[in-house]
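Down below is the structure, laid out as structure tokens.
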Amino acid sequence: MSLAFSRFSPERILDRISPAFLAFVAMALAFLGMTAGYQWGVRNGLGQLAFRADERLELYAAALESELARYSYLPSLVAIGAESTALLDAPGSPLLRQRASRALARINARAGSSQLLILGPAGEVLAASDPQLQPGSEPPMPLTDAAVLSGDEPLDFFGANPVTGATEHYFVHPVRRAGSTLGRIVVRISLAPLEATWVDLGLRTQSEKLLVVDENGVIVMSSVAGWKYRVYRGGQQITPQLSSRYPPHALKPLSLALDESPEPGTVLVRVGEQHGTRYPQQLAQERAVSTLLLRLIVLSDPSEVWRGAQRAAWGGAAGGALIGMLALYVLQRRNTVRALFQAKSELQQAHDQLERRVSARTQRLRRANDELRRQVAQRQQAEDELIQAGKMAALGLMSASISHEINQPLTVLRALSRNTIRMLSDQQHPAVAQNLRTIDEMSERMGRIVTQLKTFARRASVAAGPADLGLSVRNVLLMLDHRIRAEEIEVLQDIALATLVRADATRLEQVLLNLATNALDAMAHQPLRRLVIRAERHEARVRVSVEDTGEGMDEERMRRLFEPFFTTKPAGQGLGLGLVISSKILQELGGALRAQRTDQGMRFEFDLEFVEAPSHV
């Protein structure tokens, strides 16, 4: 048996293999390595190129959506304006047309849009932000489309500037009353700056082409000027009505041919000759933007992928040849098993050492996590103390007004009591009864003030339940009643009855008190002093706003508005913590505090979750 085994030992087998066979094996392995390397290089390169293109598509889509979202509110804003409402009620008045045109010009300058229009039911221009477009004239070319002038729903679409050919976007908002359309608000914005950025990027990189295709299959934006307003693959037939949105000379199909792609899930295209330029093979990546009814397409240059695949092929060939030579060489090394066991032993030692390191690191991380929890708990406690301190500071600032508010009924009570004693002696019973009723009313008023102060001063609980927003506003106005009357503040409320929000009533009143107190301070030296408190429901949220006619603030103060200890009040009149505490409270209640400048002052607003009123059987 040992003799038979010795005939087939590795040494004897290697002795019988000829050099030609060894060369054949090495060449076969080199060819297999070259093929595998090339295929792997192509698949990996195309996959990475597609991944990068998808990321850039997301950025391009986000930039386009963000640019259009900046102006989506303008039609509704113009529609509810006093000048627009009056003009649509009386479209034939020249005075109302002039006023509406001036209002549109102001809004257009502030918003940065290209043009604002108010069209009549038949499409005639009633008012325009552009002084060159006179009332009664026809609107620009894209707005003469029958689909634009016949629809009763808001419409937005891309179109070409009839003069410059630049890409523009139109927002058309019908104004309907009593089932009839009174007119339409049109907002026109220019996308030329955004497109210029894309064109500049395409010229600098020379490896990526961007196309924006609308719902009609027309390329409305492109980093290649020659492709703009051409019909992309799969585009529909452009009707005469739709053709008014585009330059008539440019609606030609884009010559596009599909090439077979070696990587599943990717599309390789080749654009034909355009203006004497023949573009090489491109990798096409597409992303649909359903909200805008358009598609974003990126054509990436895969030439670097082919070069990388060639390098991978040469590397695979070298690796295959090397493996072929080493595979047979290793077989005749008798110490292979010994080296394998030694490597296994070293690997086990390394594994054990790694396990010990992982265990030690886990213990350190656990201790660090415990310390972090302790610090978070301390910070939460400090924030609660800061909120309570802010409430106490607010109560301190109101102490003078509350003292005067309570001192006045006390003075009246003393006078009435003395008069009552004298009237009892004179048997004037009707007058005594009237004095007693007045004393009861004064006592009830003092009781409401003291009860509200005690409720506001106590430490609020963390749990948030249904809170009556209208009641909270009334309680705050009650605490500020003396100051409102003394400073002759005009208070306007627009809050529906029984408006319930998910919040802690005490914390909600603290936020409202901080905002109302800041508003009163801001209006102290203004000729017009008006405090407006509104609450509007938007689906499942209630938006609350506190607006004043104060002196407002500049950009620098707006940026630092929510910094701790930053205040615009004189020394000794504010700690700079009211807005910080209010913002923190609203974050815990699921909302956020925002500040906006108005024409006459400031507006602070926040939103909370709406709670349905419980039904009573």
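Ordered as shown in the structure tokens, chains take letters A, B, and onward, while each chain numbers its residues from 1 and ligands are numbered from 1 in the order shown.
Look at stretch 521-529 of chain A: the protein and nucleic acid residues within 7 Å of it, using only C-alpha atoms and passing over chain neighbours fewer than 6 places away, are Ile489, Glu490, Thr549, Gly550 and Glu551 of chain A.
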Looking only at the backbone, which of the residues in stretch 34-243 of chain A does DSSP tag as strand (DSSP E or B), as a compact mmCIF listing (two decimals) with C-alpha atoms, in the first residue's frame?
# COMPACT_ATOMS: atom_id res chain seq x y z
CA GLN A 115 -44.17 89.50 -12.92
CA LEU A 116 -47.55 89.44 -11.11
CA LEU A 117 -50.83 89.65 -13.01
CA ILE A 118 -54.55 89.74 -12.22
CA LEU A 119 -56.57 88.43 -15.17
CA VAL A 125 -55.29 91.94 -17.92
CA LEU A 126 -56.92 93.78 -15.00
CA ALA A 127 -53.73 94.73 -13.13
CA ALA A 128 -50.02 94.04 -13.57
CA LEU A 155 -52.25 75.38 -12.36
CA ASP A 156 -48.50 75.69 -12.66
CA PHE A 157 -46.38 74.99 -15.74
CA PHE A 158 -43.09 75.74 -17.44
CA GLY A 159 -42.91 78.09 -20.40
CA ALA A 160 -40.47 80.05 -22.50
CA THR A 167 -37.19 79.21 -19.04
CA GLU A 168 -39.91 80.54 -16.78
CA HIS A 169 -42.47 79.02 -14.42
CA TYR A 170 -46.04 80.19 -14.11
CA PHE A 171 -48.41 79.83 -11.13
CA VAL A 172 -52.07 80.38 -12.09
CA HIS A 173 -54.56 80.63 -9.20
CA PRO A 174 -58.30 80.98 -10.04
CA VAL A 175 -60.36 83.16 -7.67
CA ARG A 176 -63.85 81.70 -7.28
CA ARG A 177 -66.85 82.98 -5.39
CA SER A 180 -68.16 81.39 -10.48
CA THR A 181 -64.63 82.39 -11.45
CA LEU A 182 -64.00 86.10 -10.91
CA GLY A 183 -60.49 86.05 -12.28
CA ARG A 184 -57.03 84.53 -11.99
CA ILE A 185 -53.84 85.46 -10.15
CA VAL A 186 -50.69 84.79 -12.22
CA VAL A 187 -47.15 84.69 -10.80
CA ARG A 188 -44.28 84.46 -13.31
CA ILE A 189 -40.77 83.62 -12.10
CA SER A 190 -37.56 83.24 -14.04
CA GLU A 208 -22.32 65.51 -17.01
CA LYS A 209 -25.36 66.80 -18.90
CA LEU A 210 -28.57 67.76 -17.07
CA LEU A 211 -32.04 67.80 -18.64
CA VAL A 212 -35.39 68.81 -17.13
CA VAL A 213 -38.31 67.30 -19.10
CA VAL A 218 -40.16 68.83 -23.84
CA ILE A 219 -36.73 69.68 -22.43
CA VAL A 220 -37.44 72.97 -20.61
CA MET A 221 -34.05 73.27 -18.88
CA SER A 222 -30.67 71.86 -19.87
CA VAL A 231 -38.67 66.77 -27.52
Check your understanding: Which residue gives the smallest distance to A:Gln493 among A:Thr506, A:Thr85, A:Ser545, A:Ser583, with only C-alpha atoms counted?
Key -> A:Ser545
**Study point:** Test item: residues at most 12 Å from A:Ser290, only C-alpha atoms, excluding those fewer than 3 positions along its chain, as JSON, numbers by chain
**Key:** {"A": [61, 65, 214, 215, 287, 293, 294, 295, 296]}
Write the selection just made, keeping N, CA, C and O atoms, as a PDB file, in the first residue's frame?
ATOM      1  N   ALA A  61     -32.972  68.010  -7.959  1.00  0.00           N
ATOM      2  CA  ALA A  61     -34.410  68.044  -7.689  1.00  0.00           C
ATOM      3  C   ALA A  61     -34.721  68.893  -6.475  1.00  0.00           C
ATOM      4  O   ALA A  61     -35.677  69.672  -6.467  1.00  0.00           O
ATOM      5  N   GLU A  65     -37.064  72.168  -6.599  1.00  0.00           N
ATOM      6  CA  GLU A  65     -38.260  72.237  -5.755  1.00  0.00           C
ATOM      7  C   GLU A  65     -38.168  73.392  -4.771  1.00  0.00           C
ATOM      8  O   GLU A  65     -39.160  74.085  -4.504  1.00  0.00           O
ATOM      9  N   ASP A 214     -40.547  68.291 -19.035  1.00  0.00           N
ATOM     10  CA  ASP A 214     -41.854  68.509 -18.425  1.00  0.00           C
ATOM     11  C   ASP A 214     -42.820  67.404 -18.802  1.00  0.00           C
ATOM     12  O   ASP A 214     -42.440  66.401 -19.435  1.00  0.00           O
ATOM     13  N   GLU A 215     -44.109  67.565 -18.430  1.00  0.00           N
ATOM     14  CA  GLU A 215     -45.081  66.498 -18.651  1.00  0.00           C
ATOM     15  C   GLU A 215     -45.371  66.272 -20.116  1.00  0.00           C
ATOM     16  O   GLU A 215     -45.919  65.224 -20.490  1.00  0.00           O
ATOM     17  N   ARG A 287     -34.941  60.678 -12.784  1.00  0.00           N
ATOM     18  CA  ARG A 287     -35.696  60.779 -11.535  1.00  0.00           C
ATOM     19  C   ARG A 287     -36.960  61.584 -11.791  1.00  0.00           C
ATOM     20  O   ARG A 287     -36.907  62.686 -12.323  1.00  0.00           O
ATOM     21  N   LEU A 293     -44.633  67.315 -11.870  1.00  0.00           N
ATOM     22  CA  LEU A 293     -44.970  66.672 -13.146  1.00  0.00           C
ATOM     23  C   LEU A 293     -43.830  66.817 -14.150  1.00  0.00           C
ATOM     24  O   LEU A 293     -44.020  67.198 -15.309  1.00  0.00           O
ATOM     25  N   LEU A 294     -42.615  66.491 -13.715  1.00  0.00           N
ATOM     26  CA  LEU A 294     -41.482  66.570 -14.615  1.00  0.00           C
ATOM     27  C   LEU A 294     -40.488  65.468 -14.278  1.00  0.00           C
ATOM     28  O   LEU A 294     -40.623  64.779 -13.268  1.00  0.00           O
ATOM     29  N   ARG A 295     -39.503  65.313 -15.140  1.00  0.00           N
ATOM     30  CA  ARG A 295     -38.441  64.337 -14.955  1.00  0.00           C
ATOM     31  C   ARG A 295     -37.093  65.038 -15.044  1.00  0.00           C
ATOM     32  O   ARG A 295     -36.914  65.928 -15.888  1.00  0.00           O
ATOM     33  N   LEU A 296     -36.178  64.646 -14.175  1.00  0.00           N
ATOM     34  CA  LEU A 296     -34.799  65.118 -14.213  1.00  0.00           C
ATOM     35  C   LEU A 296     -33.934  63.988 -14.742  1.00  0.00           C
ATOM     36  O   LEU A 296     -34.003  62.864 -14.244  1.00  0.00           O
TER      37      LEU A 296
END
Practice item. Using only C-alpha atoms, pick whichever of A:Asp599, A:Ser255, A:Trp314, A:Tyr60 has the shortest atom-to-atom distance to A:Thr197. Key: A:Tyr60
Practice item. Considering only C-alpha atoms, return as number ranges by chain whatever protein or nucleic-acid residues lie within 12 Å of A:Arg559, sequence-local ones (same chain, fewer than 4 positions apart) excluded. Key: A: 553-555, 563, 566, 594-596
Exercise for review: Select, from A:Ala519, A:Glu67, A:Leu531, A:Gln285, the residue with the minimum atom-to-atom distance to A:Val491, counting only C-alpha atoms.
Suggested key: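 Checking each candidate against A:Val491, we get A:Leu531 as the closest.
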